[in-house]
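Everything on this sheet refers to the single structure shown next.
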Amino acid sequence: MEFKTHISVRNLSVFYGKEPALRNISVNIPDKKITAIIGPSGCGKTTLLKSFNRLIDSIDGVKVSGEVLVDGENIFDPKAEVTHIRKKMGLLSQKPYPLPMSVYDNIAYGPRIHGIKDKKTLNSTVEYHLRESGLWEELKDKLHTPASKLSLGQQQRLCLARGLAVEPEIILGDEPTSALDPRSSQRIERKFLELRDKYTIVIVTHILRQAKRLADYVIFLYLGKLIEHGSAKDIFENPKEEMTKEYIKGVIS
Amino acid sequence: MYKIRFLKDRLAGKIMLLLTVFSAFIIFLMAFGLYQKARPILAIKPFTELLFSSSWHPLRGEFGFFPFIMGTLWITGVAVAAAIPLCILTAIYLSEYAHTKIREWTKPVIDLLAGIPSVVYGMWGVLVIVPVIKNHIAPSLGVFSTGYCVPPGGIVLAIMIFPVIIHVSSEVLRSVPHEIREASWALGATKWQTVKHVVLRKASPGVIAAVVLGISRAFGETMAVLMVAGNVARVPKSILDPAYPLPALIANNYGEMLSVPLYDSALLLASLVLLIVVLFFNIISRGILIKIEQRIQ
Amino acid sequence: MNRKKIEESVFKGLMALSTFTILPSLILILISIVKKGLPAMNLAMITQVPKGGYYLGREGGILNAILGSLCLAGGATLLAVLTSLPVVLYMNVYARKGSRLVNFTRFSLDVLWGVPSIVYGAFGFTLMLFFGLRASLLGGIIAVSLLILPIMSRAMDEVVRMVPEELLEASYALGATRFETAFKIITKQALPGILTAVLIAFGRGIGDAASVIFTAGFTDSIPYSLFKPVATLPLAIFFQLGTPIPEVRERAYASALILTIIILTISLASRILIKRFTRHIIK
């Protein structure tokens with residue numbers, strides 16, 4: 001599959017203390033496509049995802065070797081500015097974590113900390129992103145209610161809007177629908193498909209069907225090692241590795 | 001054979017129930033007991049006069065508590081003003097920034113600080129702080145002072161309430177879910193921005209509860225303050241004036257209590273007031289903390 | 001952009017400064033105590049009572065206070081254990097889940113936890129007047145046991161609550177009564193934690209002055225009767241510090257040193273016990 005690379009992972013290894021979480025991973029993430037990272041629980045999928053926006057920095061005793069290049073620049077370079085890197089990425093976690101503020105403030109938080117103070121700009125940003133996430137009609141009269149009062153599905157869409165409000169280039173999803181009911185899950189999945197044209201999307205999922213529905217590109221991890229990667233068609237219809245075959249058949253889980 | 005075990009179980013159960021009920025009602029017993037002893041003076045003098053009169057002459061039957069209330073407020077005020085910023089900054093540092101090693105080492109230090117008895121703090125204050133004020137600070141301000149005044153009381157008290165405030169604040173900060181911090185970091189916020197806008201917002205009720213607990217401790221602290229604050233029954237007019245907080249008053253006069261009419265009643269009334277004020281603060285603080293715990297679950 | 005950076009560094013600096021101010025203050029205090037107390041220590045100090053009166057006498061030591069404190073704190077701790085342990089076991093084993101009495105008792109004890117010791121002293125005093133007691137060892141024991149009861153109960157409660165439900169169920173399944181489960185199984189399982197609670201309470205009780213100032217009195221002699229006044233280390237410091245006579249002051253310093261040593265030892269011991277306790281917990 002021919003593609004332009006947005007994120008390039010080169011020999012990335014991550015250790016939590018003495019425990020290896022990722023072993024020597026090298027893979028390229030295609031630009032403006034949906035990439036799914038699949039594999040059984042605890043195999044390093046979330047670690048890989050979180051190394052893209054350097055959230056793993058916050059873990060005590062973590063050691064990272066190797067490089068992750070975004071637009072050609074290594075984000076693990078000691079001189080790299082972490083907040084700048086993170087601004088390029090939006091993260092959607094498994095459970096929605098709205099900030100302890102109103103709906104409006106949740107979305108305005110990102111732009112505000114990056115320096116935007118003008119009320120008009122903020123208002124239009126909030127409206128725009130709420131519309132993009134399909135929440136504007138539901139929430140336009142409730143902009144100042146605390147975000148914690150929304151339903152789980154609404155909260156997750158709010159978190160998506162919040163992430164988009166900082167104008168990232170890449171969206172990272174860590175099992176973004178596993179805590180939601182089927183209907184809300186559907187909405188989020190549809191959203192990802194719509195966003196694909198504008199953003200590079202990487203999602204971690206343990207729901208194979210979801211990967212089949214959404215992914216253009218698939219990465220399969222097992223016990224921290226990269227087993228196989230390729231276009232979705234190749235992986236799901238013609239897996240080359242034994243382990244991939246078994247996982248797809250649902251044997252390892 | 002079985003019957004004996006069963007009887008033992010029932011009997012023990014009844015005794016234990018009794019003891020439990022007793023424990024639950026100690027607080028009421030105490031309030032009641034003190035009130036009974038305080039009644040005589042309440043019967044004679046109106047409560048407002050006792051609270052607001054500045055005239056304290058027990059031999060003449062005058063029992064105005066105002067100087068002592070003010071003394072308590074001055075010293076507690078100084079202590080809390082000094083302790084709050086230091087404690088909150090320290091709690092934030094320990095929970096958000098510090099390495100695990102530093103956290104591990106400061107916890108025992110804080111616990112040790114908490115265990116040192118009041119009198120020992122008082123002794124330290126007398127030996128170290130009072131001379132500094134008398135010999136260095138007061139003269140540089142052009143004032144004479146014996147060194148026994150509000151600041152040593154405030155300083156000693158501040159150190160004594162550090163452990164409470166820091167401990168509870170740290171717990172509260174730690175209970176803020178890590179994912180919220182991650183969500184903020186993921187948006188590109190710095191650590192300090194995250195602390196300022198997100199963590200503190202979530203933790204503020206708990207931190208307030210911690211401060212309220214600290215204030216409540218400060219009100220009741222007796223010995224250390226007694227030893228350094230000067231104990232002059234006048235309302236302090238400036239920061240270098242001596243003060244006579246309420247607990248110190250009670251402790252100092254246990255000897256004369258029974259020989260002067262109504263003196264014991266007045267002092268026990270003071271104890272009762274102290275009990276009620278402290279209870280009030282404690283209940284508020286506990287209430288906040290319980291609410292937080294419930295919300296987490 | 002730069003303002004953000006400056007704000008961040010300023011606050012980081014302030015925070016580190018605060019934290020590292022607290023550490024030295026402990027060391028400062030300990031240094032003063034040792035500096036004054038060590039020179040005052042000699043064999044006579046700990047084996048003799050003050051000769052010629054504690055306030056004026058130039059000779060003798062603080063044996064009166066050492067033994068007095070140990071007896072008083074020991075007696076108070078005993079009384080507190082005899083109340084706390086049954087209460088905590090009742091709340092966790094006998095009572096029904098979510099019982100109103102239990103919640104109320106926990107709340108009540110929690111709130112008592114912060115009550116100033118002078119109030120306990122004052123209340124103890126009213127009790128003594130009521131029963132016709134005079135300042136004595138018994139009076140002190142009662143006041144201090146009330147003081148340390150909430151502290152001990154809460155510490156014990158936290159420890160007993162950690163005993164897993166399954167262990168209790170296993171005991172009942174074998175046909176044990178509640179009494180047997182409580183006193184044979186839980187106490188064994190939670191023993192280090194219970195001991196820690198007792199130690200903590202003892203440490204608090206022995207160092208407190210305000211609760212004994214009314215109730216225990218002071219004396220030159222070592223404790224020999226429940227109904228006579230008794231000397232305590234905290235009061236030994238308090239009464240003997242402000243004297244013009246240097247030998248008497250020495251006694252105060254020595255008392256402070258001994259008291260601090262006792263408390264530091266207890267702190268260390270309870271820390272070790274807690275480590276042993278948590279090693280066995282499987283969760």
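Identifiers in this document derive from the order of the structure tokens: chains are assigned A, B, ..., residues are numbered from 1 separately in each chain, and ligands are numbered from 1 in order of occurrence.
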I'd like the contact shell of Asn238 (chain A) - 12 Å cut-off, only C-alpha atoms, skipping same-chain residues fewer than 6 positions apart - returned as a tab-separated table (two decimals) with C-alpha atoms, in the first residue's frame.
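To be explicit, this is the file written out as selection03.tsv:
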```tsv
chain	number	residue	atom	x	y	z
A	228	GLU	CA	2.75	-7.70	11.49
A	229	HIS	CA	1.49	-4.53	9.84
A	230	GLY	CA	-0.06	-3.65	6.53
A	231	SER	CA	-3.18	-2.42	4.81
A	232	ALA	CA	-6.42	-3.53	6.40
A	244	THR	CA	-1.86	-12.82	13.24
A	245	LYS	CA	-3.90	-15.59	11.69
A	248	ILE	CA	-7.91	-12.75	13.68
```
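In plain terms, chain A touches chain B through Thr83, Arg86, Lys87, Tyr97 and Gly110 of chain A, where touching means an atom at most 6 Å away, counting only C-alpha atoms.
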Mind listing as a ChimeraX atom specification which residues of chain B are within 6 Å of chain C, counting only C-alpha atoms?
-> /B:9,16,20,24,86,89-90,93,117,192,220,271,282
Select all residues from chain A having any atom no more than 12 Å from an atom of chain C (counting only C-alpha atoms, ignoring ligands), output as a ChimeraX atom specification.
-> /A:83-84,113-116
Using N, CA and C atoms, can you export the residues from the last selection as a short mmCIF file (atom, residue, chain, number, x, y, z; two decimals), in the first residue's frame?
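Done, and the output landed in again.cif:
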```cif
data_model
loop_
_atom_site.label_atom_id
_atom_site.label_comp_id
_atom_site.auth_asym_id
_atom_site.auth_seq_id
_atom_site.Cartn_x
_atom_site.Cartn_y
_atom_site.Cartn_z
N THR A 83 4.96 20.49 25.07
CA THR A 83 3.60 21.01 24.92
C THR A 83 3.30 21.28 23.45
N HIS A 84 4.33 21.65 22.69
CA HIS A 84 4.15 21.90 21.27
C HIS A 84 3.78 20.62 20.54
N ILE A 113 -5.13 28.07 26.87
CA ILE A 113 -3.77 27.92 27.38
C ILE A 113 -2.75 28.14 26.29
N HIS A 114 -3.18 28.07 25.03
CA HIS A 114 -2.21 28.35 23.97
C HIS A 114 -2.25 29.80 23.56
N GLY A 115 -2.95 30.64 24.34
CA GLY A 115 -2.79 32.07 24.16
C GLY A 115 -3.98 32.82 23.59
N ILE A 116 -5.03 32.13 23.20
CA ILE A 116 -6.15 32.85 22.59
C ILE A 116 -7.04 33.41 23.68
#
```
Looking only at the backbone, which of the residues in region 102-219 of chain A does DSSP tag as helix (DSSP H, G or I), as number ranges by chain?
-> A: 103-113, 119-132, 136-139, 147-149, 152-164, 182-195, 208-214
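Residues with any atom within 6 Å of Tyr222 (chain A), counting only C-alpha atoms and excluding same-chain neighbours fewer than 3 positions away, are Gly39, Cys43 and Lys225 of chain A.
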Compile the contact shell of Glu246 (chain A) as a PyMOL selection string: residues with an atom at most 12 Å away, counting only C-alpha atoms, same-chain residues fewer than 2 positions apart removed.
-> chain A and resi 39-40+220+222+235-236+239-244+248-253
Selection export as a JSON list (two decimals), in the first residue's frame, atoms kept: N, CA and C atoms:
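Output (again03.json):
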```
[["chain", "number", "residue", "atom", "x", "y", "z"],
["A", 39, "GLY", "N", -4.42, -6.11, 19.11],
["A", 39, "GLY", "CA", -3.63, -7.10, 19.83],
["A", 39, "GLY", "C", -4.31, -7.40, 21.15],
["A", 40, "PRO", "N", -3.93, -8.49, 21.80],
["A", 40, "PRO", "CA", -4.56, -8.84, 23.07],
["A", 40, "PRO", "C", -4.25, -7.81, 24.16],
["A", 220, "PHE", "N", -0.35, -4.95, 14.29],
["A", 220, "PHE", "CA", -0.67, -6.00, 15.26],
["A", 220, "PHE", "C", 0.50, -6.16, 16.23],
["A", 222, "TYR", "N", 1.99, -7.96, 19.84],
["A", 222, "TYR", "CA", 1.79, -9.04, 20.80],
["A", 222, "TYR", "C", 2.97, -9.03, 21.76],
["A", 235, "ILE", "N", -4.12, -7.48, 5.97],
["A", 235, "ILE", "CA", -4.07, -8.12, 7.29],
["A", 235, "ILE", "C", -5.29, -8.99, 7.51],
["A", 236, "PHE", "N", -6.44, -8.50, 7.15],
["A", 236, "PHE", "CA", -7.63, -9.29, 7.50],
["A", 236, "PHE", "C", -7.89, -10.41, 6.52],
["A", 239, "PRO", "N", -3.39, -12.64, 6.17],
["A", 239, "PRO", "CA", -2.34, -12.43, 7.17],
["A", 239, "PRO", "C", -1.17, -13.36, 6.91],
["A", 240, "LYS", "N", 0.06, -12.83, 7.08],
["A", 240, "LYS", "CA", 1.22, -13.65, 6.75],
["A", 240, "LYS", "C", 1.71, -14.43, 7.96],
["A", 241, "GLU", "N", 1.65, -13.80, 9.14],
["A", 241, "GLU", "CA", 2.19, -14.47, 10.32],
["A", 241, "GLU", "C", 1.17, -15.40, 10.96],
["A", 242, "GLU", "N", 1.68, -16.47, 11.54],
["A", 242, "GLU", "CA", 0.83, -17.46, 12.22],
["A", 242, "GLU", "C", 0.00, -16.80, 13.31],
["A", 243, "MET", "N", 0.70, -15.98, 14.14],
["A", 243, "MET", "CA", 0.02, -15.36, 15.28],
["A", 243, "MET", "C", -1.09, -14.43, 14.83],
["A", 244, "THR", "N", -0.83, -13.72, 13.74],
["A", 244, "THR", "CA", -1.86, -12.82, 13.24],
["A", 244, "THR", "C", -3.07, -13.65, 12.85],
["A", 248, "ILE", "N", -6.75, -13.15, 14.49],
["A", 248, "ILE", "CA", -7.91, -12.75, 13.68],
["A", 248, "ILE", "C", -9.01, -13.79, 13.78],
["A", 249, "LYS", "N", -8.59, -15.01, 13.89],
["A", 249, "LYS", "CA", -9.65, -16.04, 14.01],
["A", 249, "LYS", "C", -10.28, -16.01, 15.40],
["A", 250, "GLY", "N", -9.71, -15.21, 16.26],
["A", 250, "GLY", "CA", -10.31, -15.08, 17.59],
["A", 250, "GLY", "C", -9.82, -16.10, 18.59],
["A", 251, "VAL", "N", -8.71, -16.76, 18.26],
["A", 251, "VAL", "CA", -8.23, -17.80, 19.19],
["A", 251, "VAL", "C", -7.51, -17.18, 20.37],
["A", 252, "ILE", "N", -6.48, -16.36, 20.07],
["A", 252, "ILE", "CA", -5.88, -15.62, 21.17],
["A", 252, "ILE", "C", -6.81, -14.44, 21.41],
["A", 253, "SER", "N", -6.98, -14.07, 22.65],
["A", 253, "SER", "CA", -7.87, -12.93, 22.84],
["A", 253, "SER", "C", -7.38, -11.97, 23.92]]
```
Out of region 37-279 of chain B, which residues get strand (DSSP E) from DSSP, as a PyMOL selection string?
-> chain B and resi 56-57+62-63
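Close contacts of Gly44 (chain A), defined as residues with an atom at most 8 Å away when counting only C-alpha atoms, with chain neighbours fewer than 6 positions off set aside, comprise A:Ala21, A:Leu22, A:Leu221, A:Tyr222, A:Leu223, A:Gly224.
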Any chance you can output those residues with N, CA and C atoms as a CSV table (one decimal), in the first residue's frame?
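What follows is the written file again_3.csv:
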```csv
chain,number,residue,atom,x,y,z
A,21,ALA,N,7.9,-2.9,27.8
A,21,ALA,CA,6.6,-2.8,27.4
A,21,ALA,C,6.5,-2.8,25.9
A,22,LEU,N,7.5,-2.2,25.2
A,22,LEU,CA,7.6,-2.2,23.8
A,22,LEU,C,9.0,-2.7,23.4
A,221,LEU,N,0.2,-5.9,17.5
A,221,LEU,CA,1.2,-6.1,18.5
A,221,LEU,C,0.9,-7.3,19.4
A,222,TYR,N,2.0,-8.0,19.8
A,222,TYR,CA,1.8,-9.0,20.8
A,222,TYR,C,3.0,-9.0,21.8
A,223,LEU,N,2.6,-8.9,23.1
A,223,LEU,CA,3.7,-8.9,24.1
A,223,LEU,C,4.8,-7.9,23.8
A,224,GLY,N,4.4,-6.7,23.3
A,224,GLY,CA,5.3,-5.6,23.1
A,224,GLY,C,6.1,-5.7,21.8
```
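CA of Val176 (chain B) is found 25.9 Å from CA of Ala82 (chain B).
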